[in-house]
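Visitor: Below is the file protein_7.pdb, which contains PDB, C-alpha atoms and all ligand atoms.
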ATOM      1  CA  MET A 248     146.931 178.107 216.565
ATOM      2  CA  ASP A 249     147.463 176.529 213.171
ATOM      3  CA  LEU A 250     150.252 174.590 211.548
ATOM      4  CA  VAL A 251     152.209 176.551 208.986
ATOM      5  CA  SER A 252     153.912 175.295 205.853
ATOM      6  CA  ASP A 253     157.235 174.938 207.721
ATOM      7  CA  ASP A 254     155.550 172.320 209.920
ATOM      8  CA  TYR A 255     155.163 169.963 206.992
ATOM      9  CA  CYS A 256     157.886 167.611 205.705
ATOM     10  CA  GLU A 257     159.204 168.483 202.274
ATOM     11  CA  LYS A 258     159.779 164.839 201.501
ATOM     12  CA  CYS A 259     156.600 163.044 202.551
ATOM     13  CA  GLY A 260     154.222 165.939 203.107
ATOM     14  CA  ASP A 261     153.193 164.709 206.544
ATOM     15  CA  SER A 262     153.123 167.183 209.449
ATOM     16  CA  GLN A 263     156.099 167.355 211.809
ATOM     17  CA  ALA A 264     154.183 169.224 214.490
ATOM     18  CA  MET A 265     150.785 169.132 216.153
ATOM     19  CA  VAL A 266     148.787 171.452 218.324
ATOM     20  CA  ILE A 267     147.753 170.225 221.728
ATOM     21  CA  ASN A 268     145.862 171.970 224.451
ATOM     22  CA  MET A 269     147.854 172.168 227.662
ATOM     23  CA  LEU A 270     146.093 173.653 230.689
ATOM     24  CA  GLY A 271     143.827 175.700 228.468
ATOM     25  CA  THR A 272     146.563 176.968 226.155
ATOM     26  CA  ASP A 273     147.178 175.703 222.632
ATOM     27  CA  THR A 274     150.780 174.651 222.239
ATOM     28  CA  LYS A 275     152.606 173.403 219.183
ATOM     29  CA  VAL A 276     154.738 170.285 219.796
ATOM     30  CA  ARG A 277     157.049 168.398 217.475
ATOM     31  CA  LYS A 278     156.164 164.999 216.132
ATOM     32  CA  LEU A 279     157.710 162.586 213.650
ATOM     33  CA  CYS A 280     156.387 162.684 210.109
ATOM     34  CA  ASP A 281     155.769 159.476 208.159
ATOM     35  CA  CYS A 282     159.228 159.278 206.613
ATOM     36  CA  GLN A 283     160.918 160.004 209.958
ATOM     37  CA  LYS A 284     158.890 157.201 211.537
ATOM     38  CA  ILE A 285     160.056 154.822 208.809
ATOM     39  CA  GLU A 286     163.661 155.929 209.443
ATOM     40  CA  ARG A 287     163.261 155.392 213.186
ATOM     41  CA  ASP A 288     161.770 151.904 212.724
ATOM     42  CA  LYS A 289     164.618 151.031 210.384
ATOM     43  CA  ARG A 290     167.202 152.105 213.001
ATOM     44  CA  ILE A 291     165.452 150.079 215.718
ATOM     45  CA  GLU A 292     165.364 147.059 213.429
ATOM     46  CA  GLU A 293     169.056 147.448 212.583
ATOM     47  CA  GLU A 294     169.928 147.684 216.264
ATOM     48  CA  LYS A 295     167.922 144.535 216.987
ATOM     49  CA  ASN A 296     169.724 142.703 214.190
ATOM     50  CA  ARG A 297     173.095 143.851 215.499
ATOM     51  CA  ASP A 298     172.198 142.635 219.004
ATOM     52  CA  ARG A 299     171.027 139.338 217.566
ATOM     53  CA  GLN A 300     174.227 138.961 215.524
ATOM     54  CA  MET A 301     176.329 139.684 218.600
ATOM     55  CA  ARG A 302     174.404 137.165 220.674
ATOM     56  CA  LEU A 303     174.844 134.530 217.952
ATOM     57  CA  GLU A 304     178.529 135.351 217.622
ATOM     58  CA  LYS A 305     178.944 134.911 221.363
ATOM     59  CA  LEU A 306     177.047 131.617 221.291
ATOM     60  CA  ARG A 307     179.233 130.467 218.422
ATOM     61  CA  ASN A 308     182.417 131.349 220.302
ATOM     62  CA  ASN A 309     181.168 129.623 223.416
ATOM     63  CA  SER A 310     180.308 126.532 221.386
ATOM     64  CA  LEU A 311     184.080 125.891 220.969
ATOM     65  CA  MET A 312     183.299 124.786 217.418
ATOM     66  CA  ASP A 313     186.190 124.836 214.957
ATOM     67  CA  ASP A 314     185.870 127.275 212.057
ATOM     68  CA  GLU A 315     186.084 124.431 209.550
ATOM     69  CA  PHE A 316     182.691 123.153 210.725
ATOM     70  CA  LYS A 317     180.881 126.455 210.218
ATOM     71  CA  LYS A 318     180.152 125.496 206.621
ATOM     72  CA  CYS A 319     178.319 122.335 207.698
ATOM     73  CA  THR A 320     174.767 123.597 207.288
ATOM     74  CA  PHE A 321     171.522 122.166 205.986
ATOM     75  CA  GLN A 322     171.738 124.756 203.201
ATOM     76  CA  ASN A 323     175.036 123.183 202.083
ATOM     77  CA  PHE A 324     173.819 119.627 202.518
ATOM     78  CA  ILE A 325     173.679 117.676 199.258
ATOM     79  CA  VAL A 326     170.707 115.364 199.647
ATOM     80  CA  ASP A 327     170.733 112.050 197.786
ATOM     81  CA  ASP A 328     168.576 108.941 197.981
ATOM     82  CA  LYS A 329     170.780 107.360 200.656
ATOM     83  CA  ASN A 330     171.101 110.276 203.056
ATOM     84  CA  LYS A 331     167.639 111.837 202.661
ATOM     85  CA  LYS A 332     166.192 109.957 205.630
ATOM     86  CA  MET A 333     168.933 111.134 208.004
ATOM     87  CA  TYR A 334     168.781 114.654 206.601
ATOM     88  CA  ASP A 335     165.034 114.783 207.304
ATOM     89  CA  LEU A 336     165.511 113.307 210.737
ATOM     90  CA  ALA A 337     168.223 115.818 211.664
ATOM     91  CA  LYS A 338     166.088 118.729 210.483
ATOM     92  CA  ARG A 339     163.082 117.499 212.425
ATOM     93  CA  TYR A 340     165.256 117.062 215.496
ATOM     94  CA  CYS A 341     166.197 120.749 215.273
ATOM     95  CA  ASN A 342     162.619 121.861 214.642
ATOM     96  CA  LYS A 343     161.441 119.900 217.670
ATOM     97  CA  TRP A 344     164.372 120.927 219.853
ATOM     98  CA  PRO A 345     162.285 122.176 222.810
ATOM     99  CA  GLN A 346     160.662 118.748 223.050
ATOM    100  CA  MET A 347     163.967 116.904 222.474
ATOM    101  CA  LYS A 348     165.532 118.934 225.267
ATOM    102  CA  LYS A 349     162.627 118.389 227.628
ATOM    103  CA  GLU A 350     162.630 114.640 227.122
ATOM    104  CA  ASN A 351     166.422 114.356 226.970
ATOM    105  CA  VAL A 352     166.471 112.751 223.533
ATOM    106  CA  GLY A 353     169.939 112.322 222.066
ATOM    107  CA  ILE A 354     171.291 110.508 219.042
ATOM    108  CA  LEU A 355     174.310 108.279 218.497
ATOM    109  CA  PHE A 356     175.225 108.298 214.817
ATOM    110  CA  HIS A 357     177.403 105.346 213.962
ATOM    111  CA  GLY A 358     178.707 103.884 210.738
ATOM    112  CA  LYS A 359     181.769 103.534 208.580
ATOM    113  CA  PRO A 360     184.013 106.565 208.031
ATOM    114  CA  GLY A 361     183.306 108.891 205.108
ATOM    115  CA  ARG A 362     179.518 108.522 205.233
ATOM    116  CA  GLY A 363     178.858 112.114 206.231
ATOM    117  CA  LYS A 364     178.294 111.664 209.975
ATOM    118  CA  THR A 365     180.454 114.626 210.919
ATOM    119  CA  PHE A 366     178.783 116.878 208.380
ATOM    120  CA  LEU A 367     175.324 115.888 209.585
ATOM    121  CA  THR A 368     176.294 116.313 213.230
ATOM    122  CA  PHE A 369     177.631 119.826 212.708
ATOM    123  CA  CYS A 370     174.566 120.691 210.585
ATOM    124  CA  ILE A 371     172.533 120.134 213.732
ATOM    125  CA  ALA A 372     175.010 122.235 215.728
ATOM    126  CA  ASN A 373     174.848 125.171 213.317
ATOM    127  CA  GLU A 374     171.089 125.007 212.922
ATOM    128  CA  LEU A 375     170.519 125.075 216.681
ATOM    129  CA  LEU A 376     173.128 127.795 217.224
ATOM    130  CA  GLY A 377     171.154 129.853 214.712
ATOM    131  CA  LYS A 378     168.105 129.330 216.893
ATOM    132  CA  GLY A 379     170.042 130.643 219.888
ATOM    133  CA  VAL A 380     170.605 127.310 221.646
ATOM    134  CA  PRO A 381     173.693 127.356 223.902
ATOM    135  CA  LEU A 382     175.592 124.245 222.913
ATOM    136  CA  ILE A 383     179.088 122.831 222.645
ATOM    137  CA  ALA A 384     180.134 121.011 219.489
ATOM    138  CA  MET A 385     183.600 119.494 219.213
ATOM    139  CA  SER A 386     185.506 116.471 218.130
ATOM    140  CA  THR A 387     186.202 114.151 221.044
ATOM    141  CA  LEU A 388     189.946 114.523 220.477
ATOM    142  CA  GLY A 389     189.644 118.313 220.463
ATOM    143  CA  LEU A 390     187.633 118.240 223.636
ATOM    144  CA  LEU A 391     190.096 116.048 225.509
ATOM    145  CA  SER A 392     193.061 118.130 224.407
ATOM    146  CA  LYS A 393     191.154 121.254 225.432
ATOM    147  CA  ILE A 394     190.750 119.835 228.934
ATOM    148  CA  LYS A 395     194.427 118.922 229.010
ATOM    149  CA  ALA A 396     195.567 122.316 227.728
ATOM    150  CA  THR A 397     193.451 124.149 230.281
ATOM    151  CA  TYR A 398     194.820 121.949 232.994
ATOM    152  CA  GLY A 399     198.369 122.817 231.962
ATOM    153  CA  LYS A 400     197.602 126.539 232.046
ATOM    154  CA  TRP A 401     195.248 127.011 234.950
ATOM    155  CA  GLY A 402     195.588 123.867 237.011
ATOM    156  CA  ASP A 403     192.493 122.300 238.556
ATOM    157  CA  ALA A 404     190.462 125.509 238.361
ATOM    158  CA  GLY A 405     190.746 125.703 234.580
ATOM    159  CA  GLU A 406     189.811 122.086 234.121
ATOM    160  CA  VAL A 407     186.802 122.485 236.396
ATOM    161  CA  GLN A 408     185.675 125.460 234.333
ATOM    162  CA  VAL A 409     185.883 123.597 231.024
ATOM    163  CA  ILE A 410     184.203 120.520 232.420
ATOM    164  CA  ASN A 411     181.460 122.672 233.943
ATOM    165  CA  SER A 412     180.703 124.254 230.607
ATOM    166  CA  LEU A 413     180.550 120.760 229.073
ATOM    167  CA  LYS A 414     178.155 119.712 231.790
ATOM    168  CA  ASN A 415     175.942 122.789 231.590
ATOM    169  CA  ALA A 416     175.513 123.396 227.858
ATOM    170  CA  SER A 417     171.933 122.717 226.718
ATOM    171  CA  LEU A 418     173.300 120.294 224.164
ATOM    172  CA  LEU A 419     176.699 118.619 223.911
ATOM    173  CA  ILE A 420     177.716 117.417 220.478
ATOM    174  CA  LEU A 421     180.685 115.069 220.455
ATOM    175  CA  ASP A 422     182.053 114.108 217.085
ATOM    176  CA  ASP A 423     184.153 111.020 216.439
ATOM    177  CA  LEU A 424     183.895 109.387 219.827
ATOM    178  CA  GLY A 425     186.252 106.417 219.981
ATOM    179  CA  ALA A 426     189.057 108.099 218.029
ATOM    180  CA  GLU A 427     190.809 108.953 221.301
ATOM    181  CA  ASN A 428     193.555 106.872 222.872
ATOM    182  CA  SER A 429     192.206 104.466 225.456
ATOM    183  CA  THR A 430     193.948 105.681 228.553
ATOM    184  CA  THR A 431     192.609 105.601 232.080
ATOM    185  CA  TRP A 432     192.580 109.397 232.024
ATOM    186  CA  THR A 433     190.513 109.739 228.820
ATOM    187  CA  LYS A 434     188.068 107.086 230.019
ATOM    188  CA  GLU A 435     187.669 108.874 233.337
ATOM    189  CA  LYS A 436     187.079 112.266 231.731
ATOM    190  CA  LEU A 437     184.564 110.889 229.258
ATOM    191  CA  TYR A 438     182.723 109.121 232.039
ATOM    192  CA  GLU A 439     182.654 112.260 234.142
ATOM    193  CA  ILE A 440     181.122 114.296 231.298
ATOM    194  CA  ILE A 441     178.672 111.674 230.053
ATOM    195  CA  ASP A 442     177.560 110.692 233.533
ATOM    196  CA  SER A 443     176.988 114.301 234.540
ATOM    197  CA  ARG A 444     174.834 114.937 231.472
ATOM    198  CA  TYR A 445     172.936 111.753 232.177
ATOM    199  CA  ARG A 446     172.228 112.738 235.754
ATOM    200  CA  ASN A 447     171.214 116.279 234.792
ATOM    201  CA  LYS A 448     169.011 114.969 231.963
ATOM    202  CA  LYS A 449     170.818 117.018 229.344
ATOM    203  CA  PRO A 450     170.973 115.580 225.842
ATOM    204  CA  MET A 451     173.995 114.682 223.744
ATOM    205  CA  ILE A 452     174.509 113.993 220.080
ATOM    206  CA  VAL A 453     177.446 111.720 219.407
ATOM    207  CA  SER A 454     179.014 110.318 216.280
ATOM    208  CA  THR A 455     181.418 107.427 216.000
ATOM    209  CA  ASN A 456     183.162 105.487 213.247
ATOM    210  CA  LEU A 457     183.094 102.392 215.451
ATOM    211  CA  THR A 458     180.423  99.737 215.603
ATOM    212  CA  LEU A 459     178.390  99.741 218.808
ATOM    213  CA  GLU A 460     180.318  96.696 220.013
ATOM    214  CA  GLN A 461     183.669  98.370 219.320
ATOM    215  CA  LEU A 462     182.520 101.553 221.054
ATOM    216  CA  LYS A 463     181.421  99.575 224.073
ATOM    217  CA  ASN A 464     184.837  97.920 224.290
ATOM    218  CA  LYS A 465     186.566 101.251 223.831
ATOM    219  CA  LEU A 466     184.687 102.868 226.709
ATOM    220  CA  THR A 467     184.920  99.902 229.083
ATOM    221  CA  THR A 468     187.262 100.500 231.999
ATOM    222  CA  ASP A 469     190.281  98.302 232.661
ATOM    223  CA  ASP A 470     188.352  96.431 235.330
ATOM    224  CA  GLY A 471     185.505  95.715 232.881
ATOM    225  CA  VAL A 472     182.950  98.352 233.914
ATOM    226  CA  THR A 473     180.697  99.381 231.005
ATOM    227  CA  ARG A 474     178.860 102.238 232.739
ATOM    228  CA  THR A 475     180.009 104.973 230.301
ATOM    229  CA  TYR A 476     178.597 103.079 227.340
ATOM    230  CA  ASP A 477     175.461 102.126 229.276
ATOM    231  CA  ARG A 478     174.738 105.770 230.140
ATOM    232  CA  LEU A 479     175.414 106.860 226.566
ATOM    233  CA  ILE A 480     173.029 104.302 225.066
ATOM    234  CA  GLU A 481     170.366 105.249 227.564
ATOM    235  CA  MET A 482     170.578 108.868 226.448
ATOM    236  CA  CYS A 483     171.403 108.569 222.768
ATOM    237  CA  TYR A 484     169.348 106.541 220.343
ATOM    238  CA  PRO A 485     171.760 104.664 218.023
ATOM    239  CA  LEU A 486     171.221 105.291 214.311
ATOM    240  CA  GLU A 487     173.408 103.781 211.653
ATOM    241  CA  ILE A 488     174.413 106.123 208.854
ATOM    242  CA  LYS A 489     174.777 104.128 205.685
ATOM    243  CA  GLY A 490     175.109 106.696 202.924
ATOM    244  CA  TYR A 491     177.493 106.505 200.016
ATOM    245  CA  SER A 492     181.123 106.456 200.912
ATOM    246  CA  ARG A 493     182.443 109.809 199.783
ATOM    247  CA  ARG A 494     185.428 108.092 198.228
ATOM    248  CA  ILE A 495     183.287 105.714 196.205
ATOM    249  CA  LYS A 496     181.038 108.583 195.222
ATOM    250  CA  THR A 497     183.961 110.628 193.966
ATOM    251  CA  ALA A 498     185.219 107.608 192.070
ATOM    252  CA  LYS A 499     181.800 107.195 190.453
ATOM    253  CA  GLU A 500     181.688 110.849 189.494
ATOM    254  CA  LYS A 501     185.147 110.499 187.989
ATOM    255  CA  GLU A 502     183.986 107.416 186.215
ATOM    256  CA  LYS A 503     181.173 109.427 184.654
ATOM    257  CA  ILE A 504     183.619 112.099 183.511
ATOM    258  CA  ILE A 505     186.032 109.535 182.120
ATOM    259  CA  GLN A 506     183.164 107.740 180.376
ATOM    260  CA  SER A 507     182.058 111.000 178.804
ATOM    261  CA  LEU A 508     185.599 111.556 177.575
ATOM    262  CA  LEU A 509     185.605 108.119 176.017
ATOM    263  CA  SER A 510     182.306 108.413 174.154
TER     264      SER A 510
HETATM  265 ZN    ZN B 601     158.687 163.224 206.083
END
Could you rewrite the structure in this file as structure tokens?
Guide:
Amino acid sequence: MDLVSDDYCEKCGDSQAMVINMLGTDTKVRKLCDCQKIERDKRIEEEKNRDRQMRLEKLRNNSLMDDEFKKCTFQNFIVDDKNKKMYDLAKRYCNKWPQMKKENVGILFHGKPGRGKTFLTFCIANELLGKGVPLIAMSTLGLLSKIKATYGKWGDAGEVQVINSLKNASLLILDDLGAENSTTWTKEKLYEIIDSRYRNKKPMIVSTNLTLEQLKNKLTTDDGVTRTYDRLIEMCYPLEIKGYSRRIKTAKEKEKIIQSLLS
């Protein structure tokens, strides 16, 4: 039995059939020609990409991250001589994530407002989300109001669910710690979350506009217990972000423009 001209693809010229011997009889069976194989591989690849996109989308939704922080990426990061060190460090942290996770290495970024701490922090969040790391990244205020809102809606059960997801995420990123009101309730909730992550050896990345001393005072309970701060410092290595103040930088850029107008 031979292949006939109809068995060949008009497009690529490869055969779309082959003859095999089954129990002593030659039989013609269909097969994919070269261009059909390419088509099939393309479809499989597209399906994989769709699955990947859906997984990432789900991770992103579960991260509770606000839309406004989605644009904080290393690609959008404007590196200058003052922030280069921190930029490199943040990138390396992401590249070495498996090791960081294993050894429970966290970071506490502190420094004056407007130095790019939030941007840097959410760069790490977006980079790791892109690598498929289940994490939660929120402002501390947003997180506390989320717990409160859930409590209002679902009672204890809802609050337990939110707090569990905060406890279980591979990485918890808390932006602007210390901006919250110092109430007994907020101190208790923060302790509960930080202590649980400490005990489960799960890393955190935290940013604050306060000095370490101010943060310590902020987290100290009314009866003078500093355990929340102590746990935090044990988990998160404090790094001061110096950087240019964005306001000063803008002023300097304006100065340049004005100067160019004058000359
Ligand atoms: Zn073909």
Visitor: Give the residue list for ligand ZN 601 (chain B) at 9 Å, counting all atoms listed in the file, as a list in words, sorted by chain and then by residue number.
Guide: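 Result of the 9 Å neighbour search around ligand ZN 601 (chain B): Tyr255, Cys256, Glu257, Lys258, Cys259, Gly260, Asp261, Ser262, Gln263, Leu279, Cys280, Asp281, Cys282, Gln283, Lys284 and Ile285 of chain A.
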Visitor: Could you list, as a list in words, every residue within 10 Å of stretch 330-339 of chain A, counting all atoms listed in the file and ignoring same-chain residues fewer than 3 positions away?
Guide: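 Here the answer would be Phe321, Phe324, Ile325, Val326, Asp327, Asn342, Lys343, Trp344, Ile354, Phe356, Arg362, Gly363, Lys364, Leu367, Thr368, Cys370, Ile371, Glu374, Leu375, Leu486, Glu487, Ile488, Lys489, Gly490 and Tyr491 of chain A.
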Visitor: Take the PyMOL selection byres (((chain A and resi 313) around 12) and not hetatm), apply it to the structure above, and return the hits as a list in words.
Guide: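 When the PyMOL selection byres (((chain A and resi 313) around 12) and not hetatm) is applied, the selected residues are Arg307, Asn308, Asn309, Ser310, Leu311, Met312, Asp314, Glu315, Phe316, Lys317, Lys318, Cys319, Phe369, Ala372, Asn373, Ile383, Ala384, Met385, Ser386, Gly389, Leu390 and Asp422 of chain A.
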Visitor: Can you tell me, as a list of chain:residue names, what residues are no more than 8 Å from A:Tyr445 when counting only C-alpha atoms, ignoring any on the same chain fewer than 6 positions away?
Guide: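 So, after excluding close chain neighbours, the residues are A:Arg478, A:Leu479, A:Met482.
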Visitor: Please write the residues picked by the PyMOL selection byres (((chain A and resi 443) around 10) and not hetatm) on this file as JSON, numbers by chain.
Guide: {"A": [410, 411, 413, 414, 415, 437, 438, 439, 440, 441, 442, 444, 445, 446, 447, 448, 449, 478]}
Visitor: Provide the atom CA of A:Thr387 to atom CA of A:Pro345 distance in Å, to one decimal place.
Guide: 25.3 Å
